[in-house]
Amino acid sequence: MIHNITIQKVNQSRVSAIDFDNIPFGREFSDHMFEATYSDGKWHSCEIKPLERLSVHPAMLTLHYGQAIFEGMKATKHVDGRPLLFRPEMHAQRLNASARRMCMPDVPEELFLEALHKLVGIEQAWIPPQKGSALYIRPFMIATDEYIGVASSQSYKFIIICLPVGPYYDKAVKLKVERKYVRAVDGGVGEAKAAGNYAASLYPAKLAKEEGFDQVLWMDAHEFKYVQEVGTMNIFFVFKDKIVTPATEGTILKGITRNTLIKMMQSRGLAVEERKLSIDEIKSAYKNGNLVESFGAGTAAVVANVALIQDGDEKMTFDESNWELSRSLKREINEIRAGEIPDPHGWVIPVETAVYA
Ligand code: COI
């Protein structure tokens with residue numbers, strides 16, 4: 001233990017009021033939060049305390065210029081009851097990659113991990129036991145200088161909150177091929193988990209929802225030709241002889257579930273290609289009967305089946321009877337996260353609870 005994290009616990013947990021069989025995504029929060037402050041070039045005042053509202057100055061930089069980043073990760077329970085984290089060090093590294101792009105300070109990896117272990121250790125009763133449910137963990141960093149000038153902040157907060165969640169999508173998704181708006185351009189911030197990327201997706205997603213879709217399928221910003229991602233998740237296409245997912249070359253989020261699924265498929269001996277993938281290639285494979293299924297991958301979404309991809313009036317519908325690969329991947333990832341099957345990659349990390357719970 002190298003960071004002095006003070007701990008103040010609630011007198012009475014709210015967990016017994018939660019119905020783990022009916023948890024809306026994103027609205028129920030656990031009892032405690034972690035908070036660290038950055039000023040004078042270092043992180044300090046690290047604390048776990050009862051979840052509370054932030055009190056901020058109206059000129060706080062984040063509110064005006066969006067210098068804010070986040071992560072999304074999950075804790076699950078081993079069948080023997082032990083709390084588990086999934087690839088936490090990768091999330092620490094991705095947070096810091098986002099931080100660098102957004103001109104924010106790194107969070108030392110050992111501070112990130114120690115905070116996580118302590119917080120999840122304290123909150124372990126909040127991990128839903130249901131398969132497919134989890135304790136969603138939201139680490140985030142905000143710029144806290146009180147200043148109305150366009151500049152990177154000198155002070156920050158790094159906070160972690162936790163939410164028990166069920167599946168993000170409860171049915172297969174319908175995607176609209178987005179032909180007008182773009183999510184990310186080369187040289188932009190598409191690869192960072194920056195709050196503004198999600199803000200910019202809201203209006204196109206709203207228009208798509210009004211037309212009956214669940215989300216948009218983003219295309220590249222130059223030619224509207226190459227598929228990028230869905231915004232809430234990365235995307236995979238299962239052809240008869242291979243699986244293809246767009247390469248992350250600066251505009252696409254380096255999804256940790258994406259990386260996990262690629263490794264799982266490769267372990268099964270399947271050919272997975274990470275490369276540029278045009279919507280025309282997808283359409284012609286669909287027409288020839290070579291495109292079997294498509295699914296999204298993300299921490300919140302896990303593995304989300306795609307029912308429809310529509311480009312203008314052209315519809316590609318995906319039949320449930322073909323969702324073999326996505327279903328088995330989802331089962332495998334959930335079983336690894338419950339400790340029900342071996343974890344040959346060492347992805348699942350037991351929470352160091354003994355001292356903190
Ligand atoms: C996640 O999958 O964790 C994300 O951050 C995406 C968001 C749609 C919840």
# chains A, B, ... in the order shown; residues from 1 in each chain; ligands from 1
>>> residues_around(residues="segment 119-131 of chain A", least_positions_apart="3", cutoff="8 Å", atoms="only C-alpha atoms", output="list of chain:residue names")
A:Val15, A:Phe20, A:Asp21, A:Ser30, A:Asp31, A:His32, A:Met33, A:Phe34, A:Ile48, A:Ala75, A:Thr76, A:Lys77, A:Pro83, A:Ala115, A:Leu116, A:Ala134, A:Leu135, A:Leu163, A:Pro164, A:Val165, A:Asn334, A:Ala338, A:Val351, A:Glu352, A:Thr353, A:Tyr356, A:Ala357
>>> write_last_selection(atoms="C-alpha atoms", output="PDB file, in the first residue's frame")
ATOM      1  CA  VAL A  15     -27.960  -2.372  -0.665  1.00  0.00           C
ATOM      2  CA  PHE A  20     -30.980  -7.200  -8.355  1.00  0.00           C
ATOM      3  CA  ASP A  21     -33.475  -8.885 -10.710  1.00  0.00           C
ATOM      4  CA  SER A  30     -23.548   1.957  -4.514  1.00  0.00           C
ATOM      5  CA  ASP A  31     -22.855   3.414  -1.070  1.00  0.00           C
ATOM      6  CA  HIS A  32     -19.318   4.760  -1.518  1.00  0.00           C
ATOM      7  CA  MET A  33     -17.083   6.650  -3.941  1.00  0.00           C
ATOM      8  CA  PHE A  34     -13.343   7.140  -4.312  1.00  0.00           C
ATOM      9  CA  ILE A  48     -13.194   6.531   0.027  1.00  0.00           C
ATOM     10  CA  ALA A  75     -16.618  -6.423 -11.150  1.00  0.00           C
ATOM     11  CA  THR A  76     -18.317  -9.809 -10.895  1.00  0.00           C
ATOM     12  CA  LYS A  77     -18.556 -12.546  -8.284  1.00  0.00           C
ATOM     13  CA  PRO A  83     -15.300 -10.418  -5.934  1.00  0.00           C
ATOM     14  CA  ALA A 115      -8.383   2.564  -5.191  1.00  0.00           C
ATOM     15  CA  LEU A 116     -10.273   0.000  -7.225  1.00  0.00           C
ATOM     16  CA  ALA A 134     -22.244  -6.979 -12.708  1.00  0.00           C
ATOM     17  CA  LEU A 135     -21.043  -4.062 -10.655  1.00  0.00           C
ATOM     18  CA  LEU A 163     -23.393   0.859 -10.078  1.00  0.00           C
ATOM     19  CA  PRO A 164     -25.017  -2.574 -10.012  1.00  0.00           C
ATOM     20  CA  VAL A 165     -26.211  -3.208 -13.584  1.00  0.00           C
ATOM     21  CA  ASN A 334     -19.654 -14.536 -18.500  1.00  0.00           C
ATOM     22  CA  ALA A 338     -17.851 -16.013 -12.755  1.00  0.00           C
ATOM     23  CA  VAL A 351     -10.221  -8.250  -5.319  1.00  0.00           C
ATOM     24  CA  GLU A 352      -7.900  -7.950  -2.345  1.00  0.00           C
ATOM     25  CA  THR A 353     -10.707  -7.854   0.143  1.00  0.00           C
ATOM     26  CA  TYR A 356     -10.648  -3.602   3.256  1.00  0.00           C
ATOM     27  CA  ALA A 357     -14.058  -5.254   3.443  1.00  0.00           C
TER      28      ALA A 357
END
>>> residues_around(residues="Leu261 of chain A", least_positions_apart="6", cutoff="10 Å", atoms="only C-alpha atoms", output="ChimeraX atom specification")
/A:236,255,267,272,297-298,302-303,326,329-330,332-333
>>> write_last_selection(atoms="N, CA and C atoms", output="JSON list (two decimals), in the first residue's frame")
[["chain", "number", "residue", "atom", "x", "y", "z"],
["A", 236, "PHE", "N", -18.36, -6.20, -34.72],
["A", 236, "PHE", "CA", -17.75, -7.36, -35.39],
["A", 236, "PHE", "C", -18.70, -7.87, -36.48],
["A", 255, "GLY", "N", -11.37, -0.91, -27.62],
["A", 255, "GLY", "CA", -12.24, -1.58, -26.67],
["A", 255, "GLY", "C", -11.55, -2.76, -25.99],
["A", 267, "SER", "N", -8.16, -18.09, -29.80],
["A", 267, "SER", "CA", -7.89, -19.32, -29.03],
["A", 267, "SER", "C", -8.72, -20.49, -29.56],
["A", 272, "VAL", "N", -9.41, -14.07, -37.28],
["A", 272, "VAL", "CA", -9.97, -12.74, -36.99],
["A", 272, "VAL", "C", -9.10, -11.69, -37.67],
["A", 297, "ALA", "N", -19.50, -5.15, -29.18],
["A", 297, "ALA", "CA", -18.74, -5.58, -28.01],
["A", 297, "ALA", "C", -18.35, -4.36, -27.20],
["A", 298, "GLY", "N", -18.67, -4.37, -25.93],
["A", 298, "GLY", "CA", -18.31, -3.26, -25.05],
["A", 298, "GLY", "C", -18.43, -3.69, -23.61],
["A", 302, "VAL", "N", -21.39, -5.83, -23.28],
["A", 302, "VAL", "CA", -20.76, -7.17, -23.32],
["A", 302, "VAL", "C", -20.74, -7.64, -24.78],
["A", 303, "VAL", "N", -21.68, -8.53, -25.16],
["A", 303, "VAL", "CA", -21.81, -8.93, -26.57],
["A", 303, "VAL", "C", -23.25, -8.65, -26.94],
["A", 326, "SER", "N", -21.77, -15.35, -31.48],
["A", 326, "SER", "CA", -21.93, -14.30, -30.46],
["A", 326, "SER", "C", -22.47, -14.88, -29.16],
["A", 329, "LEU", "N", -19.69, -16.74, -27.39],
["A", 329, "LEU", "CA", -18.70, -15.81, -26.83],
["A", 329, "LEU", "C", -19.22, -15.15, -25.55],
["A", 330, "LYS", "N", -20.49, -14.79, -25.61],
["A", 330, "LYS", "CA", -21.10, -14.14, -24.44],
["A", 330, "LYS", "C", -21.11, -15.11, -23.25],
["A", 332, "GLU", "N", -19.10, -17.62, -22.81],
["A", 332, "GLU", "CA", -17.72, -17.85, -22.35],
["A", 332, "GLU", "C", -17.21, -16.69, -21.49],
["A", 333, "ILE", "N", -17.46, -15.47, -21.94],
["A", 333, "ILE", "CA", -16.95, -14.31, -21.18],
["A", 333, "ILE", "C", -17.65, -14.24, -19.81]]
>>> closest_residue(among="A:Arg87, A:His64, A:Arg101, A:Arg138", to="ligand 1", atoms="only C-alpha atoms and all ligand atoms")
A:Arg138
>>> residues_near_ligand(ligand="ligand 1", cutoff="7 Å", atoms="only C-alpha atoms and all ligand atoms", output="number ranges by chain")
A: 71-73, 232-233, 298-301
>>> atom_distance(atom1="atom CA of Asp220 of chain A", atom2="atom CA of Ala184 of chain A")
7.4 Å
>>> atom_distance(atom1="atom CA of Lys42 of chain A", atom2="atom CA of Val107 of chain A")
9.5 Å
>>> residues_around(residues="Met90 of chain A", least_positions_apart="5", cutoff="10 Å", atoms="only C-alpha atoms", output="ChimeraX atom specification")
/A:73,95-96,109,255-256,347
>>> residues_around(residues="Glu89 of chain A", least_positions_apart="4", cutoff="10 Å", atoms="only C-alpha atoms", output="number ranges by chain")
A: 85, 93-95, 109-110, 112-113, 347, 349
>>> select_by_dssp(residues="segment 177-350 of chain A", states="strand (DSSP E)", output="ChimeraX atom specification")
/A:177,215-217,234-239,243-246,272-275,291-298,302-311,314-317,348-350
>>> closest_residue(among="A:Lys283, A:Arg327, A:Arg258, A:Arg183", to="Asp311 of chain A", atoms="only C-alpha atoms")
A:Lys283
>>> residues_around(residues="segment 315-323 of chain A", least_positions_apart="5", cutoff="10 Å", atoms="only C-alpha atoms", output="PyMOL selection string")
chain A and resi 172+174-176+238+282-283+286-287+291-295+305-310+328
>>> atom_distance(atom1="atom CA of Glu229 of chain A", atom2="atom CA of Glu249 of chain A")
12.0 Å
>>> closest_residue(among="A:Gly149, A:Gly190, A:Gly339, A:Gly166", to="Ala97 of chain A", atoms="only C-alpha atoms")
A:Gly190
>>> residues_around(residues="Met60 of chain A", least_positions_apart="5", cutoff="10 Å", atoms="only C-alpha atoms", output="list in words")
Tyr65, Gly66, Ile142, Ala143, Thr144, Asp145, Glu146, Tyr147, Ile148 and Ser153 of chain A
>>> write_last_selection(atoms="N, CA and C atoms", output="PDB file, in the first residue's frame")
ATOM      1  N   TYR A  65     -15.374  23.560 -21.337  1.00  0.00           N
ATOM      2  CA  TYR A  65     -14.580  23.102 -22.481  1.00  0.00           C
ATOM      3  C   TYR A  65     -14.427  21.590 -22.547  1.00  0.00           C
ATOM      4  N   GLY A  66     -15.087  20.892 -21.646  1.00  0.00           N
ATOM      5  CA  GLY A  66     -15.194  19.444 -21.773  1.00  0.00           C
ATOM      6  C   GLY A  66     -13.922  18.655 -21.555  1.00  0.00           C
ATOM      7  N   ILE A 142     -11.972  14.825 -14.108  1.00  0.00           N
ATOM      8  CA  ILE A 142     -12.490  16.116 -14.556  1.00  0.00           C
ATOM      9  C   ILE A 142     -11.505  17.240 -14.204  1.00  0.00           C
ATOM     10  N   ALA A 143     -11.562  18.282 -15.025  1.00  0.00           N
ATOM     11  CA  ALA A 143     -10.696  19.448 -14.824  1.00  0.00           C
ATOM     12  C   ALA A 143     -11.400  20.417 -13.885  1.00  0.00           C
ATOM     13  N   THR A 144     -10.725  20.840 -12.825  1.00  0.00           N
ATOM     14  CA  THR A 144     -11.452  21.596 -11.797  1.00  0.00           C
ATOM     15  C   THR A 144     -11.012  23.052 -11.627  1.00  0.00           C
ATOM     16  N   ASP A 145     -10.085  23.525 -12.466  1.00  0.00           N
ATOM     17  CA  ASP A 145      -9.719  24.947 -12.327  1.00  0.00           C
ATOM     18  C   ASP A 145     -10.949  25.829 -12.530  1.00  0.00           C
ATOM     19  N   GLU A 146     -10.984  26.923 -11.797  1.00  0.00           N
ATOM     20  CA  GLU A 146     -12.098  27.882 -11.947  1.00  0.00           C
ATOM     21  C   GLU A 146     -11.578  29.007 -12.826  1.00  0.00           C
ATOM     22  N   TYR A 147     -11.831  28.896 -14.114  1.00  0.00           N
ATOM     23  CA  TYR A 147     -11.175  29.793 -15.069  1.00  0.00           C
ATOM     24  C   TYR A 147     -11.941  29.794 -16.387  1.00  0.00           C
ATOM     25  N   ILE A 148     -12.268  30.974 -16.888  1.00  0.00           N
ATOM     26  CA  ILE A 148     -12.963  31.056 -18.171  1.00  0.00           C
ATOM     27  C   ILE A 148     -11.974  31.494 -19.245  1.00  0.00           C
ATOM     28  N   SER A 153      -6.421  22.576 -17.491  1.00  0.00           N
ATOM     29  CA  SER A 153      -6.518  22.853 -16.064  1.00  0.00           C
ATOM     30  C   SER A 153      -5.212  22.505 -15.347  1.00  0.00           C
TER      31      SER A 153
END
>>> closest_residue(among="A:Glu314, A:Tyr38, A:Lys157, A:Ala200", to="Leu54 of chain A", atoms="only C-alpha atoms")
A:Lys157
>>> residues_around(residues="Gly41 of chain A", least_positions_apart="5", cutoff="12 Å", atoms="only C-alpha atoms", output="PyMOL selection string")
chain A and resi 104-107+153-156
>>> select_by_dssp(residues="segment 108-334 of chain A", states="helix (DSSP H, G or I)", output="VMD selection string")
chain A and resid 109 to 122 124 to 126 195 to 210 256 to 267 279 to 288 320 to 322 324 to 334
>>> closest_residue(among="A:Gln228, A:Asn234, A:Gln215, A:Asn11", to="Ile279 of chain A", atoms="only C-alpha atoms")
A:Gln228
>>> closest_residue(among="A:Arg331, A:Asp170, A:His78, A:Ala271", to="Lys240 of chain A", atoms="only C-alpha atoms")
A:Ala271
>>> decode(residues="segment 274-296 of chain A", atoms="C-alpha atoms", output="short mmCIF file (atom, residue, chain, number, x, y, z; two decimals), in the first residue's frame")
data_model
loop_
_atom_site.label_atom_id
_atom_site.label_comp_id
_atom_site.auth_asym_id
_atom_site.auth_seq_id
_atom_site.Cartn_x
_atom_site.Cartn_y
_atom_site.Cartn_z
CA GLU A 274 -8.55 -6.28 -37.84
CA ARG A 275 -8.56 -4.05 -40.87
CA LYS A 276 -10.44 -1.45 -42.86
CA LEU A 277 -13.89 -2.81 -43.64
CA SER A 278 -16.10 -1.06 -46.16
CA ILE A 279 -19.86 -1.00 -45.96
CA ASP A 280 -19.86 -2.19 -49.61
CA GLU A 281 -17.94 -5.33 -48.65
CA ILE A 282 -20.47 -5.97 -45.90
CA LYS A 283 -23.40 -5.46 -48.27
CA SER A 284 -22.04 -7.71 -50.98
CA ALA A 285 -21.23 -10.48 -48.46
CA TYR A 286 -24.78 -10.15 -47.15
CA LYS A 287 -26.19 -10.47 -50.67
CA ASN A 288 -24.02 -13.56 -51.41
CA GLY A 289 -25.04 -15.20 -48.15
CA ASN A 290 -21.47 -14.96 -46.82
CA LEU A 291 -22.28 -12.66 -43.93
CA VAL A 292 -23.62 -14.76 -41.08
CA GLU A 293 -24.00 -12.41 -38.15
CA SER A 294 -22.86 -9.13 -36.62
CA PHE A 295 -22.44 -8.21 -32.97
CA GLY A 296 -21.28 -5.32 -30.84
#
